[in-house]
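Chemist: To be precise about what I am sending: the file is called model-v4.cif and holds mmCIF, C-alpha atoms.
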data_protein
#
loop_
_atom_site.label_atom_id
_atom_site.label_comp_id
_atom_site.auth_asym_id
_atom_site.auth_seq_id
_atom_site.Cartn_x
_atom_site.Cartn_y
_atom_site.Cartn_z
CA TYR O 24 3.64 -12.18 -16.07
CA HIS O 25 3.32 -8.77 -17.74
CA PHE O 26 6.10 -9.48 -20.22
CA GLN O 27 4.56 -12.88 -20.98
CA VAL O 28 1.39 -11.07 -22.04
CA VAL O 29 3.44 -8.70 -24.22
CA ALA O 30 5.45 -11.51 -25.80
CA ALA O 31 2.38 -13.63 -26.57
CA PHE O 32 0.55 -10.76 -28.26
CA PHE O 33 3.42 -9.66 -30.48
CA GLN O 34 4.23 -13.24 -31.38
CA GLU O 35 0.70 -13.53 -32.73
CA ARG O 36 1.37 -10.44 -34.88
CA GLY O 37 4.53 -12.05 -36.30
CA LEU O 38 6.93 -9.59 -34.70
CA ASN O 39 10.36 -10.97 -33.83
CA GLY O 40 11.58 -8.14 -31.61
CA PRO O 41 10.87 -4.66 -30.24
CA GLY O 42 12.72 -3.09 -33.18
CA GLN O 43 9.84 -4.04 -35.47
CA LEU O 44 7.17 -2.27 -33.40
CA VAL O 45 5.28 0.67 -34.86
CA ARG O 46 2.66 2.93 -33.28
CA ALA O 47 -0.19 0.85 -34.71
CA ASP O 48 1.11 -2.20 -32.85
CA LEU O 49 1.00 -0.31 -29.55
CA ASP O 50 -2.54 0.90 -30.31
CA ALA O 51 -3.63 -2.66 -31.04
CA PHE O 52 -1.95 -3.99 -27.93
CA GLN O 53 -3.64 -1.42 -25.69
CA ARG O 54 -7.04 -2.22 -27.23
CA PHE O 55 -6.33 -5.90 -26.67
CA LEU O 56 -5.54 -5.31 -22.98
CA GLU O 57 -8.67 -3.21 -22.48
CA THR O 58 -11.09 -5.55 -24.26
CA ALA O 59 -9.78 -9.13 -24.29
CA PRO O 60 -11.17 -11.15 -21.36
CA THR O 61 -8.90 -13.12 -19.04
CA ARG O 62 -9.76 -16.23 -17.05
CA ARG O 63 -10.98 -13.92 -14.26
CA GLY O 64 -12.97 -11.62 -16.53
CA ALA O 65 -12.09 -8.13 -17.77
CA ARG O 66 -8.57 -6.95 -17.03
CA PRO O 67 -8.55 -4.23 -14.32
CA ALA O 68 -7.59 -0.71 -15.42
CA ASN O 69 -4.60 -0.64 -13.05
CA GLN O 70 -3.22 -3.79 -14.70
CA VAL O 71 -3.57 -2.26 -18.17
CA LEU O 72 -1.73 0.80 -16.91
CA ALA O 73 1.04 -1.32 -15.36
CA ILE O 74 1.60 -3.42 -18.51
CA MET O 75 1.63 -0.45 -20.89
CA GLY O 76 3.91 1.45 -18.54
CA ARG O 77 6.45 -1.35 -18.32
CA LEU O 78 6.41 -1.85 -22.07
CA SER O 79 6.98 1.87 -22.66
CA ARG O 80 9.89 1.93 -20.18
CA LEU O 81 11.39 -1.15 -21.85
CA LEU O 82 11.21 0.51 -25.27
CA ALA O 83 12.76 3.72 -23.91
CA TRP O 84 15.62 1.72 -22.37
CA ALA O 85 16.17 -0.21 -25.60
CA ALA O 86 16.31 3.05 -27.60
CA GLU O 87 18.76 4.66 -25.13
CA ASN O 88 21.05 1.64 -25.39
CA ALA O 89 20.85 1.47 -29.21
CA LEU O 90 19.09 -1.88 -29.17
CA ILE O 91 16.35 -0.41 -31.33
CA PHE O 92 16.43 2.62 -33.62
CA ALA O 93 13.84 4.62 -31.69
CA HIS O 94 10.84 4.37 -29.37
CA PRO O 95 7.86 3.93 -31.75
CA ASP O 96 5.66 6.33 -29.75
CA PRO O 97 7.68 8.26 -27.10
CA GLU O 98 4.89 10.77 -26.41
CA ARG O 99 2.26 8.11 -25.91
CA ALA O 100 -0.17 8.88 -23.10
CA LEU O 101 -0.69 5.97 -20.74
CA PRO O 102 -4.24 4.77 -20.05
CA HIS O 103 -6.15 6.95 -17.61
CA LEU O 104 -6.70 5.27 -14.28
CA PRO O 105 -9.86 6.59 -12.62
CA GLU O 106 -9.33 7.60 -9.01
CA ILE O 107 -11.50 5.45 -6.77
CA PRO O 108 -12.34 7.05 -3.42
CA ILE O 109 -10.80 5.20 -0.49
CA TRP O 110 -13.26 4.19 2.21
CA VAL O 111 -11.95 5.45 5.56
CA PRO O 112 -13.26 3.98 8.83
CA THR O 113 -14.18 6.11 11.82
CA VAL O 114 -12.21 6.00 15.07
CA ALA O 115 -14.92 3.79 16.61
CA GLU O 116 -14.74 1.38 13.67
CA VAL O 117 -10.95 1.15 13.94
CA LYS O 118 -11.32 0.34 17.64
CA ARG O 119 -13.65 -2.53 16.70
CA LEU O 120 -11.10 -3.81 14.23
CA LEU O 121 -8.22 -3.64 16.71
CA ALA O 122 -10.23 -5.56 19.29
CA GLN O 123 -11.01 -8.39 16.86
CA PRO O 124 -7.84 -10.59 17.02
CA ASN O 125 -7.67 -13.10 19.88
CA THR O 126 -4.52 -11.93 21.65
CA PHE O 127 -4.44 -15.03 23.84
CA THR O 128 -3.08 -16.91 20.81
CA SER O 129 0.35 -16.30 19.27
CA VAL O 130 -1.04 -15.53 15.82
CA GLY O 131 -3.79 -13.34 17.25
CA LEU O 132 -1.25 -11.31 19.21
CA ARG O 133 0.90 -10.91 16.10
CA ASP O 134 -2.14 -9.74 14.12
CA ARG O 135 -3.13 -7.25 16.81
CA VAL O 136 0.34 -5.75 16.92
CA MET O 137 0.46 -5.47 13.11
CA LEU O 138 -2.89 -3.68 13.06
CA GLU O 139 -1.89 -1.38 15.91
CA LEU O 140 1.36 -0.56 14.12
CA LEU O 141 -0.27 0.08 10.74
CA TYR O 142 -2.92 2.37 12.21
CA SER O 143 -0.58 4.18 14.61
CA THR O 144 2.21 4.87 12.12
CA GLY O 145 0.51 4.79 8.71
CA LEU O 146 3.18 2.46 7.34
CA ARG O 147 2.70 0.97 3.89
CA ARG O 148 2.20 -2.77 3.60
CA ALA O 149 5.68 -3.35 2.14
CA GLU O 150 7.28 -1.17 4.82
CA CYS O 151 5.58 -3.14 7.58
CA ARG O 152 6.58 -6.46 6.05
CA ALA O 153 10.22 -5.33 5.65
CA LEU O 154 10.66 -4.39 9.32
CA ASN O 155 13.32 -6.27 11.26
CA LEU O 156 13.53 -6.65 15.01
CA GLU O 157 16.44 -4.22 15.12
CA ASP O 158 14.32 -1.56 13.42
CA VAL O 159 12.04 -1.32 16.47
CA GLN O 160 13.97 0.84 18.92
CA LEU O 161 11.78 0.73 22.01
CA GLU O 162 14.30 2.57 24.17
CA LYS O 163 14.12 5.54 21.77
CA ARG O 164 10.41 5.00 21.09
CA GLN O 165 10.96 5.03 17.36
CA ILE O 166 10.83 2.71 14.36
CA VAL O 167 13.41 2.85 11.59
CA VAL O 168 11.80 2.52 8.17
CA ARG O 169 14.62 1.49 5.85
CA CYS O 170 12.57 0.35 2.86
CA GLY O 171 10.26 3.28 2.26
CA LYS O 172 8.86 4.19 -1.16
CA GLY O 173 11.74 5.29 -3.35
CA SER O 174 14.16 3.56 -0.93
CA LYS O 175 13.84 6.50 1.45
CA PHE O 176 14.88 6.20 5.09
CA ARG O 177 12.75 7.75 7.84
CA LEU O 178 11.95 7.49 11.54
CA VAL O 179 8.41 7.14 12.88
CA PRO O 180 7.41 7.55 16.53
CA ILE O 181 6.06 4.82 18.80
CA GLY O 182 3.08 6.01 20.83
CA ASP O 183 2.28 4.73 24.31
CA ARG O 184 -0.33 2.16 23.25
CA LEU O 185 1.80 0.82 20.40
CA TYR O 186 4.80 0.67 22.75
CA ASP O 187 2.93 -1.62 25.14
CA TRP O 188 1.83 -3.96 22.35
CA LEU O 189 5.27 -4.09 20.73
CA LEU O 190 6.93 -4.78 24.08
CA ARG O 191 4.57 -7.66 24.79
CA TYR O 192 4.99 -9.11 21.31
CA ILE O 193 8.78 -8.85 21.20
CA GLU O 194 9.27 -10.24 24.72
CA THR O 195 6.87 -13.19 24.46
CA GLY O 196 4.61 -13.26 21.41
CA ARG O 197 7.13 -13.46 18.59
CA GLY O 198 8.89 -16.42 20.13
CA ASN O 199 5.60 -18.30 20.39
CA VAL O 200 5.11 -17.92 16.62
CA ARG O 201 8.36 -19.92 16.35
CA PRO O 202 10.56 -17.87 14.00
CA ALA O 203 13.11 -19.78 11.98
CA ALA O 204 16.70 -19.80 13.19
CA GLY O 205 18.40 -16.52 12.31
CA GLU O 206 15.19 -14.89 11.04
CA LYS O 207 15.42 -11.11 11.51
CA ALA O 208 11.87 -10.17 10.48
CA LEU O 209 9.66 -8.54 13.10
CA PHE O 210 6.57 -10.35 11.83
CA VAL O 211 6.95 -13.99 10.85
CA SER O 212 4.72 -16.72 9.50
CA SER O 213 3.37 -19.26 11.99
CA GLN O 214 3.87 -21.95 9.33
CA SER O 215 7.33 -21.27 7.91
CA GLY O 216 8.80 -19.15 10.70
CA LYS O 217 10.07 -16.77 8.01
CA ARG O 218 9.15 -13.26 6.93
CA LEU O 219 5.49 -12.90 5.97
CA ALA O 220 4.48 -13.20 2.33
CA ILE O 221 3.63 -9.91 0.63
CA ASN O 222 -0.13 -10.52 0.68
CA THR O 223 -0.41 -11.92 4.22
CA ALA O 224 -1.17 -8.57 5.85
CA GLN O 225 -4.03 -7.87 3.44
CA VAL O 226 -5.51 -11.36 3.92
CA MET O 227 -5.21 -10.93 7.69
CA LEU O 228 -6.92 -7.54 7.58
CA GLU O 229 -9.75 -8.82 5.38
CA ARG O 230 -10.42 -11.68 7.80
CA HIS O 231 -10.65 -9.48 10.86
CA ALA O 232 -12.47 -6.67 9.02
CA LYS O 233 -15.22 -9.02 7.82
CA ALA O 234 -15.57 -10.45 11.31
CA CYS O 235 -16.40 -6.99 12.68
CA ASP O 236 -18.62 -5.96 9.75
CA LEU O 237 -16.08 -3.76 7.93
CA PRO O 238 -15.69 -5.76 4.69
CA GLN O 239 -14.78 -2.71 2.58
CA LEU O 240 -11.69 -1.87 4.63
CA THR O 241 -8.27 -2.25 2.99
CA LEU O 242 -4.71 -1.72 4.20
CA HIS O 243 -4.58 1.51 2.21
CA GLY O 244 -7.82 2.57 3.88
CA LEU O 245 -6.20 1.99 7.27
CA ARG O 246 -3.28 4.21 6.20
CA HIS O 247 -5.79 6.85 5.14
CA ALA O 248 -7.51 6.48 8.51
CA CYS O 249 -4.23 7.18 10.31
CA ALA O 250 -3.74 10.42 8.36
CA THR O 251 -7.37 11.51 8.49
CA HIS O 252 -7.79 10.95 12.21
CA LEU O 253 -4.54 12.77 12.98
CA LEU O 254 -5.65 15.71 10.86
CA GLU O 255 -9.06 15.81 12.53
CA ALA O 256 -7.31 15.81 15.91
CA GLY O 257 -5.32 18.90 14.94
CA MET O 258 -1.96 17.57 13.70
CA GLU O 259 -0.30 19.81 11.10
CA LEU O 260 -0.33 18.55 7.53
CA ARG O 261 3.45 18.83 7.13
CA HIS O 262 3.98 16.55 10.14
CA ILE O 263 1.57 14.00 8.70
CA GLN O 264 3.57 14.24 5.47
CA GLU O 265 6.76 13.31 7.36
CA LEU O 266 5.02 10.45 9.18
CA LEU O 267 3.66 8.90 5.97
CA GLY O 268 6.91 9.38 4.05
CA HIS O 269 5.44 11.54 1.29
CA SER O 270 8.01 13.43 -0.76
CA ARG O 271 5.40 15.97 -1.87
CA ILE O 272 2.76 17.68 0.23
CA ASN O 273 0.26 17.16 -2.62
CA SER O 274 0.22 13.45 -1.85
CA THR O 275 -0.69 14.17 1.76
CA VAL O 276 -3.40 16.64 0.76
CA ARG O 277 -5.27 13.79 -0.94
CA TYR O 278 -5.45 12.05 2.41
CA ALA O 279 -6.93 15.18 3.91
CA GLN O 280 -9.87 15.29 1.51
CA VAL O 281 -11.99 13.01 3.69
CA ALA O 282 -11.52 15.27 6.70
CA ILE O 283 -12.20 18.37 4.60
CA GLY O 284 -15.34 16.75 3.21
CA GLN O 285 -16.62 16.04 6.69
CA LEU O 286 -15.87 19.63 7.68
CA GLN O 287 -17.84 20.88 4.68
CA GLU O 288 -20.82 18.73 5.65
CA GLU O 289 -20.74 20.06 9.19
CA HIS O 290 -20.45 23.61 7.86
CA ARG O 291 -23.47 23.20 5.59
CA ALA O 292 -25.48 21.62 8.39
CA HIS O 293 -24.76 24.22 11.06
CA HIS O 294 -23.75 27.54 9.49
CA PRO O 295 -26.67 30.01 9.27
CA ARG O 296 -25.57 31.07 5.76
CA PRO O 297 -23.89 28.00 4.18
#
As structure tokens, how would this structure be written, given the file I've shared?

Modeler:
Amino acid sequence: YHFQVVAAFFQERGLNGPGQLVRADLDAFQRFLETAPTRRGARPANQVLAIMGRLSRLLAWAAENALIFAHPDPERALPHLPEIPIWVPTVAEVKRLLAQPNTFTSVGLRDRVMLELLYSTGLRRAECRALNLEDVQLEKRQIVVRCGKGSKFRLVPIGDRLYDWLLRYIETGRGNVRPAAGEKALFVSSQSGKRLAINTAQVMLERHAKACDLPQLTLHGLRHACATHLLEAGMELRHIQELLGHSRINSTVRYAQVAIGQLQEEHRAHHPRP
């Protein structure tokens, strides 16, 4: 889709290939992305950033492989993406969410186990979706994450509560969802019997979150909740870094800001000389 947008714009400008691009064309294209409405309204800032980033990488690749003479603007700064604070639920709110799925149904049990896993381990959506049955090593109480960000491999622990839910799901629940023959995925669709679509987990979360009056909760917010609640409970930041699969501690520190903010509020409220 992104390259279709690029191709349509430059076709309108009468450009036959990337070799004809100049800096003014990139300026015009960025203004077009930021101002031209789509069928759904204004284009989100993250989409502008993604399109401009892919175009810049394409031009750099073309220049390196002598398909064009040079990148027309190699030092170009990509659009600034404002950092939107992630809403993080409290422990009590997460408990309400986890209790929402009807675990007496096959789909409800699957949803409960997914939510328990996401909150307990802090896995990313893609990592959760990519899990296979063989990746859940109950005897070792660990999960093998083979498709982490940057294709990094890591092990995450299985706590007691998550162990019980995974055992129940693997022994009885998954079979009741009727996985397709030979399907290796841990979580499968009740309709196709195959691995869940990439957006299924978010749709599932939104449904249960709205039902328990937490409409602002996202999958990323649940990952933040995992890190924040562990930090508040006393877990060291470097161990949270390993759990979440962050290559740099700076990434983990961002997750700690909510806990630090709460600490600051408590300090101001109770210290005699704040």

Chemist: Point out the residue among O:Leu178, O:Trp188, O:Asn199, O:Val114 with the least atom-to-atom distance to Glu255 (chain O), counting all atoms listed in the file.

Modeler: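 The answer is O:Val114, which sits nearest to Glu255 (chain O).
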
Chemist: Pick out the closest residue to Ala73 (chain O) from this set: O:Ile166, O:Asp50, O:Val29, O:Pro202. Count all atoms listed in the file.

Modeler: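 Answer, going by the shortest atom-to-atom distance: O:Val29.
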
Chemist: Quick one: distance from CA of Leu189 (chain O) to CA of Leu254 (chain O) in Å, one decimal?

Modeler: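 Straight-line distance from CA of Leu189 (chain O) to CA of Leu254 (chain O) works out to 24.7 Å.
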
Chemist: Find, counting all atoms listed in the file, the residue in O:Arg230, O:His252, O:Arg177, O:Arg191 that gets nearest to Ser143 (chain O).

Modeler: O:His252

Chemist: What is the distance, in Å and to one decimal place, between CA of Tyr142 (chain O) and CA of Gly205 (chain O)?

Modeler: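 One can read the CA of Tyr142 (chain O) to CA of Gly205 (chain O) distance as 28.5 Å.
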
Chemist: Find, counting all atoms listed in the file, the residue in O:Pro124, O:Gly42, O:Gly131, O:Gly145 that gets nearest to Leu267 (chain O).

Modeler: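 Checking each candidate against Leu267 (chain O), we get O:Gly145 as the closest.
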